[in-house]
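*Asks:* For reference, the file work-v4.cif (mmCIF, C-alpha atoms) is included below:
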data_query
#
loop_
_atom_site.label_atom_id
_atom_site.label_comp_id
_atom_site.auth_asym_id
_atom_site.auth_seq_id
_atom_site.Cartn_x
_atom_site.Cartn_y
_atom_site.Cartn_z
CA MET A 1 240.55 82.38 183.26
CA LEU A 2 237.72 84.88 183.78
CA ASP A 3 236.59 84.31 180.19
CA ARG A 4 236.56 80.53 180.62
CA ALA A 5 234.64 80.88 183.91
CA GLY A 6 231.85 82.74 182.08
CA PHE A 7 232.88 86.22 183.26
CA SER A 8 233.90 87.89 180.03
CA THR A 9 236.26 90.85 179.97
CA GLY A 10 235.25 91.66 176.39
CA GLU A 11 238.16 91.91 174.00
CA ILE A 12 241.33 90.49 175.59
CA ASP A 13 244.05 93.06 174.94
CA GLY A 14 246.67 92.22 177.58
CA ARG A 15 245.79 95.16 179.82
CA ALA A 16 244.02 95.02 183.18
CA GLY A 17 241.55 97.80 182.41
CA PRO A 18 238.06 98.58 183.75
CA ASN A 19 236.39 95.63 181.97
CA VAL A 20 238.79 93.25 183.74
CA ARG A 21 238.21 94.87 187.13
CA LYS A 22 234.42 94.70 186.72
CA ALA A 23 234.51 91.08 185.58
CA ALA A 24 236.79 90.16 188.49
CA ALA A 25 234.44 91.91 190.94
CA ALA A 26 231.42 90.10 189.48
CA PHE A 27 233.24 86.77 189.77
CA GLN A 28 234.25 87.50 193.36
CA LYS A 29 230.70 88.41 194.33
CA SER A 30 229.29 85.29 192.69
CA ARG A 31 231.77 83.06 194.55
CA GLY A 32 231.44 84.72 197.96
CA LEU A 33 234.96 86.19 197.88
CA PRO A 34 235.89 89.69 199.10
CA VAL A 35 234.92 92.05 196.28
CA SER A 36 237.88 94.19 195.25
CA GLY A 37 238.03 93.90 191.46
CA ARG A 38 241.65 92.83 191.80
CA LEU A 39 243.04 89.44 190.86
CA ASP A 40 244.28 88.74 194.36
CA GLU A 41 245.60 85.38 195.53
CA ALA A 42 242.20 84.02 196.60
CA THR A 43 240.58 85.03 193.32
CA SER A 44 243.40 83.71 191.14
CA GLY A 45 243.37 80.46 193.11
CA ARG A 46 239.62 79.99 192.68
CA LEU A 47 239.85 80.77 188.96
CA ALA A 48 242.72 78.34 188.51
CA GLU A 49 240.78 75.68 190.39
CA GLU A 50 237.69 76.14 188.21
CA SER A 51 239.73 76.13 184.99
CA GLY A 52 241.55 72.94 185.91
CA GLU A 53 244.93 74.70 186.17
CA GLN A 54 244.96 75.32 182.41
CA PRO A 55 247.61 77.68 181.00
CA ALA A 56 246.75 81.25 180.04
CA VAL A 57 247.85 80.79 176.43
CA VAL A 58 248.10 77.82 174.08
CA THR A 59 249.58 77.14 170.66
CA TYR A 60 247.20 76.89 167.71
CA LEU A 61 247.75 75.77 164.12
CA LEU A 62 245.95 77.96 161.60
CA THR A 63 243.52 75.99 159.44
CA ASP A 64 242.43 76.43 155.84
CA ALA A 65 239.16 77.83 157.13
CA ASP A 66 241.05 80.50 159.13
CA VAL A 67 242.97 81.86 156.15
CA ILE A 68 240.84 81.17 153.08
CA GLY A 69 238.46 84.12 153.47
CA PRO A 70 236.85 85.71 151.59
CA PHE A 71 238.25 88.88 153.14
CA GLN A 72 237.42 92.46 152.18
CA GLU A 73 237.82 96.09 153.10
CA ILE A 74 234.79 97.49 154.92
CA PRO A 75 233.85 101.13 154.20
CA LYS A 76 232.74 103.20 157.18
CA ASP A 77 229.76 104.73 155.38
CA LEU A 78 226.62 102.63 155.90
CA ILE A 79 225.25 103.32 152.42
CA GLU A 80 228.52 102.13 150.93
CA GLN A 81 228.31 99.04 153.16
CA SER A 82 224.85 98.30 151.77
CA LYS A 83 226.42 97.83 148.31
CA LEU A 84 228.44 94.83 149.53
CA GLU A 85 227.20 91.25 149.24
CA SER A 86 228.49 90.40 152.71
CA LEU A 87 230.25 92.05 155.63
CA SER A 88 233.00 89.47 156.20
CA TYR A 89 236.31 89.83 158.02
CA ARG A 90 238.93 92.24 156.70
CA ASN A 91 241.73 89.68 156.95
CA ALA A 92 242.73 86.41 158.61
CA LEU A 93 244.28 88.19 161.59
CA GLU A 94 240.94 89.83 162.43
CA ALA A 95 239.13 86.49 162.03
CA VAL A 96 241.55 84.59 164.27
CA ALA A 97 241.55 87.39 166.86
CA GLU A 98 237.76 87.23 167.13
CA LYS A 99 237.87 83.43 167.35
CA PHE A 100 240.08 83.72 170.43
CA HIS A 101 238.38 86.80 171.92
CA ALA A 102 241.53 88.89 171.48
CA SER A 103 242.62 92.13 169.91
CA PRO A 104 244.63 91.79 166.68
CA ALA A 105 247.36 93.87 168.34
CA LEU A 106 247.67 91.34 171.19
CA LEU A 107 248.03 88.43 168.76
CA GLN A 108 250.72 90.32 166.86
CA SER A 109 252.62 91.05 170.07
CA LEU A 110 252.40 87.38 171.11
CA ASN A 111 253.54 86.24 167.66
CA PRO A 112 256.23 88.57 166.30
CA GLY A 113 257.05 87.83 162.68
CA GLN A 114 254.00 85.64 162.06
CA THR A 115 251.86 86.57 159.05
CA PHE A 116 248.53 84.93 159.98
CA SER A 117 248.12 84.06 156.32
CA THR A 118 249.13 80.42 155.87
CA ALA A 119 247.41 77.21 156.98
CA GLY A 120 249.65 75.26 159.34
CA GLU A 121 251.24 78.39 160.80
CA GLN A 122 251.68 77.96 164.56
CA VAL A 123 250.58 80.87 166.73
CA ILE A 124 250.10 81.60 170.43
CA VAL A 125 246.55 82.54 171.42
CA PRO A 126 244.56 83.12 174.63
CA ASN A 127 243.27 79.83 176.04
CA VAL A 128 239.55 80.54 175.77
CA THR A 129 236.58 78.36 174.93
CA ILE A 130 235.77 78.94 171.26
CA VAL A 131 232.16 80.05 170.84
CA GLU A 132 230.24 79.30 167.67
CA ALA A 133 227.78 81.85 166.30
CA ALA A 134 225.05 79.20 166.41
CA PRO A 135 225.50 77.21 169.66
CA ALA A 136 224.61 73.54 169.72
CA LYS A 137 221.26 72.48 171.09
CA ASN A 138 221.47 71.37 174.73
CA GLY A 139 218.97 68.54 174.22
CA LEU A 140 216.44 69.97 176.68
CA THR A 141 212.76 70.40 175.86
CA ALA A 142 211.04 73.74 176.34
CA THR A 143 209.65 72.61 179.71
CA GLN A 144 213.11 71.47 180.86
CA GLN A 145 214.90 74.71 180.04
CA PRO A 146 216.09 76.47 183.22
CA LYS A 147 214.23 79.67 183.99
CA VAL A 148 216.57 82.63 183.60
CA ARG A 149 216.48 86.37 183.14
CA ILE A 150 218.80 88.65 181.21
CA VAL A 151 219.74 91.76 183.18
CA VAL A 152 221.51 94.82 181.77
CA SER A 153 222.87 97.40 184.20
CA LYS A 154 223.43 100.94 182.97
CA ASP A 155 225.65 101.78 185.96
CA THR A 156 228.10 98.94 185.42
CA SER A 157 227.75 98.63 181.62
CA ALA A 158 227.30 94.90 182.05
CA LEU A 159 224.90 92.13 181.10
CA THR A 160 224.27 89.12 183.31
CA VAL A 161 222.28 85.96 182.76
CA GLU A 162 220.79 84.97 186.12
CA ASP A 163 218.76 82.01 187.33
CA GLU A 164 215.68 82.27 189.53
CA SER A 165 217.79 82.57 192.69
CA GLY A 166 219.85 85.43 191.23
CA ARG A 167 222.94 83.26 190.66
CA VAL A 168 225.01 84.61 187.77
CA LEU A 169 225.38 82.08 184.96
CA PHE A 170 227.15 84.46 182.60
CA TYR A 171 228.59 87.97 182.77
CA ALA A 172 229.83 90.26 179.99
CA PRO A 173 230.56 93.95 179.42
CA VAL A 174 228.19 95.85 177.15
CA THR A 175 227.80 99.22 175.56
CA THR A 176 224.46 100.84 176.36
CA GLY A 177 222.56 104.00 175.46
CA SER A 178 223.69 107.60 175.49
CA ARG A 179 222.09 110.92 176.47
CA HIS A 180 220.56 111.07 172.98
CA ASP A 181 219.44 107.42 173.01
CA PRO A 182 219.04 106.34 176.65
CA LEU A 183 218.70 102.71 177.64
CA PRO A 184 214.93 102.07 177.98
CA ILE A 185 214.75 101.22 181.69
CA GLY A 186 212.13 98.60 182.44
CA THR A 187 211.18 94.95 182.10
CA TRP A 188 210.87 93.55 178.60
CA LYS A 189 211.11 90.09 177.07
CA VAL A 190 212.84 88.36 174.20
CA THR A 191 210.55 88.14 171.16
CA GLY A 192 212.95 86.44 168.76
CA VAL A 193 216.54 85.70 167.82
CA GLN A 194 218.29 86.15 164.49
CA ARG A 195 221.67 84.60 163.74
CA SER A 196 223.76 86.28 160.99
CA PRO A 197 221.16 89.05 160.64
CA ALA A 198 220.94 91.62 157.92
CA PHE A 199 220.80 95.19 159.25
CA HIS A 200 217.91 97.35 158.10
CA TYR A 201 219.34 100.85 158.31
CA ASN A 202 216.80 103.60 158.89
CA PRO A 203 218.50 107.01 159.26
CA ASP A 204 215.32 108.42 160.86
CA LEU A 205 216.14 106.36 163.98
CA PHE A 206 219.65 107.81 164.40
CA TRP A 207 220.06 111.35 165.67
CA ASP A 208 223.56 111.59 164.14
CA ALA A 209 222.76 110.01 160.77
CA ASN A 210 224.05 111.59 157.59
CA PRO A 211 221.16 113.77 156.32
CA THR A 212 221.78 112.54 152.75
CA HIS A 213 221.24 108.90 153.72
CA SER A 214 218.16 106.89 152.81
CA LYS A 215 216.96 103.54 154.12
CA ALA A 216 219.21 100.63 153.20
CA LYS A 217 219.68 96.92 153.85
CA ILE A 218 223.18 95.84 154.91
CA ALA A 219 224.14 92.22 154.29
CA PRO A 220 224.99 89.78 157.11
CA GLY A 221 228.51 89.13 158.35
CA PRO A 222 230.70 89.63 161.42
CA ASN A 223 231.38 93.23 160.35
CA ASN A 224 227.68 93.98 159.93
CA PRO A 225 226.64 96.88 162.24
CA VAL A 226 224.84 94.42 164.55
CA GLY A 227 227.44 91.66 164.27
CA VAL A 228 226.61 87.96 164.21
CA ALA A 229 223.35 87.96 166.21
CA TRP A 230 220.32 90.11 167.03
CA ILE A 231 218.17 89.37 170.09
CA ASP A 232 214.89 91.19 169.57
CA ILE A 233 212.99 92.45 172.61
CA SER A 234 209.46 93.69 173.20
CA LYS A 235 210.60 97.34 173.18
CA GLU A 236 210.21 98.42 169.54
CA HIS A 237 213.48 99.16 167.69
CA TYR A 238 215.61 97.87 170.58
CA GLY A 239 217.64 94.71 170.95
CA ILE A 240 220.82 93.04 172.16
CA HIS A 241 223.36 92.45 169.41
CA GLY A 242 226.98 91.95 168.39
CA THR A 243 229.40 94.47 166.96
CA PRO A 244 232.13 94.85 164.35
CA GLU A 245 234.18 96.84 166.87
CA PRO A 246 234.83 94.65 169.94
CA SER A 247 237.44 97.05 171.33
CA THR A 248 234.71 99.63 172.01
CA VAL A 249 232.47 97.40 174.12
CA GLY A 250 232.19 98.69 177.66
CA HIS A 251 234.02 101.90 176.76
CA VAL A 252 231.67 103.96 174.56
CA GLN A 253 227.95 104.63 174.20
CA SER A 254 225.44 103.23 171.71
CA HIS A 255 222.24 104.30 169.99
CA GLY A 256 220.12 102.87 172.81
CA CYS A 257 220.53 99.17 172.05
CA VAL A 258 222.78 96.82 174.00
CA ARG A 259 225.98 96.01 172.10
CA MET A 260 228.30 93.12 172.97
CA THR A 261 231.26 91.41 171.37
CA ASN A 262 230.25 88.84 168.77
CA TRP A 263 231.49 85.97 170.93
CA ASP A 264 229.62 87.19 174.00
CA VAL A 265 226.30 87.68 172.23
CA SER A 266 226.76 84.18 170.80
CA ARG A 267 227.01 82.90 174.37
CA VAL A 268 223.80 84.70 175.34
CA LEU A 269 221.96 82.85 172.54
CA GLU A 270 222.19 79.77 174.76
CA TRP A 271 219.62 81.35 177.11
CA ALA A 272 217.78 83.92 174.97
CA LYS A 273 214.50 82.28 173.98
CA PRO A 274 211.14 83.90 173.12
CA GLY A 275 209.62 84.95 176.42
CA THR A 276 212.89 85.19 178.38
CA PRO A 277 212.62 88.25 180.68
CA VAL A 278 214.98 91.12 179.86
CA ILE A 279 215.47 93.70 182.59
CA PHE A 280 217.15 97.06 181.86
CA ARG A 281 218.24 98.79 185.08
#
How does the structure come out when it is put into structure tokens?
*Replies:*
Amino acid sequence: MLDRAGFSTGEIDGRAGPNVRKAAAAFQKSRGLPVSGRLDEATSGRLAEESGEQPAVVTYLLTDADVIGPFQEIPKDLIEQSKLESLSYRNALEAVAEKFHASPALLQSLNPGQTFSTAGEQVIVPNVTIVEAAPAKNGLTATQQPKVRIVVSKDTSALTVEDESGRVLFYAPVTTGSRHDPLPIGTWKVTGVQRSPAFHYNPDLFWDANPTHSKAKIAPGPNNPVGVAWIDISKEHYGIHGTPEPSTVGHVQSHGCVRMTNWDVSRVLEWAKPGTPVIFR
């Protein structure tokens, strides 16, 4: 319900961990409810009301597109990755899990005995709104687009899209910079957006890079190091992007950029336009 309300918990794994508590607290604050981070009766009731009393899970029939691939093993070494023609999903289970914002382990636990390999197979999945990597145009002209800002908080490891009044339009957990690569605090702006980007690996920009590595270009795909989208900002070498490892979002540190799940960064593309303010706090 939080996911459908626009308050993402990142990867849905069936556990009420810190990402869930933070998303619940953000939802409560935005709706004027007591902020506890717990899914209390008032919060659950408001979420149910906004979601139209929809069930938590639904049945889904796997399609040809879900299981046809191509699928491949992805090496961990970035130079080895650069030898591949694409960075696609490892298998159909991973692809379906990302489609429904879930961990592969959760889907397996919800569907014991299912193989996730055959079109027509019926599986139980979280009842989320499926997000495409390239969202549809909303039909508004540039002058009609609502004025928003993208705000990333280091303290809460969260990104919000806010309107001029500060109302939260979207919330999601993120992974931000580390001691070696701190988040560049300040006000920036979006300079461009790339969908299905290639990743231009430069080991000189990574303090922990393999000293034998050279520059390399890594092909696009959901398992590309920057996932399905790159939102470029006016701070050189920094951006907001997806990830091939959704389970780490909100839990580990990055090399200074802002990393989100692929489905969450796809949602942000709805508002990220050249000139959109980006505030790192």
*Asks:* Determine the nearest neighbour of Asp13 (chain A) from the options A:Ser44, A:Ser103, A:Thr160, A:Ser82, counting all atoms listed in the file.
*Replies:*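 Once distances to Asp13 (chain A) are computed over all atoms listed in the file, the minimum belongs to A:Ser103.
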*Asks:* Rounded to one decimal in Å, what is the spacing between CA of Trp263 (chain A) and CA of Lys215 (chain A)?
*Replies:*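 Going from CA of Trp263 (chain A) over to CA of Lys215 (chain A), I get 28.3 Å.
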*Asks:* Please provide the set of residues having any atom within 7 Å of Pro244 (chain A), restricted to all atoms listed in the file, with same-chain residues fewer than 4 positions apart removed, written as a VMD selection string.
*Replies:* chain A and resid 222 to 225 227
*Asks:* Since I can't run it myself right now, could you work out what the PyMOL selection byres ((chain A and resi 112-119) around 6) selects here and report it as a compact mmCIF listing (two decimals) with C-alpha atoms, in the coordinates of the input?
*Replies:*
# COMPACT_ATOMS: atom_id res chain seq x y z
CA LEU A 62 245.95 77.96 161.60
CA THR A 63 243.52 75.99 159.44
CA ASP A 64 242.43 76.43 155.84
CA VAL A 67 242.97 81.86 156.15
CA LEU A 93 244.28 88.19 161.59
CA GLN A 108 250.72 90.32 166.86
CA SER A 109 252.62 91.05 170.07
CA ASN A 111 253.54 86.24 167.66
CA GLY A 120 249.65 75.26 159.34
CA GLU A 121 251.24 78.39 160.80
*Asks:* Please compute the CA of Asn202 (chain A)-CA of Glu98 (chain A) distance, one decimal, in Å.
*Replies:* 27.8 Å
*Asks:* Taking the file as shown, what set of residues would the PyMOL selection byres ((chain A and resi 12) around 9) give back, as a list in words?
*Replies:* Thr9, Gly10, Glu11, Asp13, Gly14, Arg15, Val20, Phe100, His101, Ala102, Ser103, Leu106, Pro126 and Ser247 of chain A
*Asks:* Apply the PyMOL selection byres ((chain A and resi 25) around 10) to the file shown and report the selected residues as a PyMOL selection string.
*Replies:* chain A and resi 7+19-24+26-31+33-39+43
*Asks:* Determine the nearest neighbour of Lys235 (chain A) from the options A:Gln54, A:Thr191, A:Asn91, A:Ser196, counting only C-alpha atoms.
*Replies:*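 For Lys235 (chain A), the nearest of the candidates is A:Thr191.
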*Asks:* Mind giving me the straight-line distance from CA of Asp155 (chain A) to CA of Ile185 (chain A) in Å, one decimal?
*Replies:*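 Pair CA of Asp155 (chain A) / CA of Ile185 (chain A) returns 11.7 Å.
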*Asks:* Name the residues within 10 Å of (220.9, 102.6, 154.4), counting all atoms listed in the file in the file's coordinates, and put them as a list in words.
*Replies:*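 Output of the proximity query reads Asp77, Leu78, Ile79, Glu80, Gln81, Ser82, Lys83, Phe199, His200, Tyr201, Asn202, Pro203, Ala209, His213, Ser214, Lys215, Ala216, Lys217 and Ile218 of chain A.
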*Asks:* Could you check the closest approach to Val161 (chain A) for each of A:Ala42, A:Ala97, A:Leu269, A:Met1 and tell me which residue wins, using only C-alpha atoms?
*Replies:*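 Among the listed residues, A:Leu269 lies closest to Val161 (chain A).
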*Asks:* Tell me which protein, DNA and RNA residues are within 10 Å of Ser88 (chain A), counting only C-alpha atoms, leaving out same-chain ones fewer than 4 positions away, and put them as a list in words.
*Replies:*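 Using only C-alpha atoms, the neighbours found are Gly69, Pro70, Phe71, Gln72, Glu73, Ile74, Leu84, Ala95, Ala219, Pro220, Gly221, Pro222, Asn223, Asn224 and Pro244 of chain A.
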*Asks:* Restricting the calculation to only C-alpha atoms: of A:Glu245, A:Glu164, A:Glu85, A:Glu132, which residue gets closest to Arg267 (chain A)?
*Replies:*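 Ranking A:Glu245, A:Glu164, A:Glu85, A:Glu132 by distance to Arg267 (chain A), first place goes to A:Glu132.
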*Asks:* Which of these residues is nearest to Ile124 (chain A), using all atoms listed in the file: A:Lys273, A:Tyr60, A:Leu47, A:Arg90?
*Replies:* A:Tyr60
*Asks:* Taking into account all atoms listed in the file, which residue in the set A:Ser234, A:Ser86, A:Ser8, A:Thr243 is nearest to Thr175 (chain A)?
*Replies:*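 Of A:Ser234, A:Ser86, A:Ser8, A:Thr243, the one nearest Thr175 (chain A), counting all atoms listed in the file, is A:Thr243.
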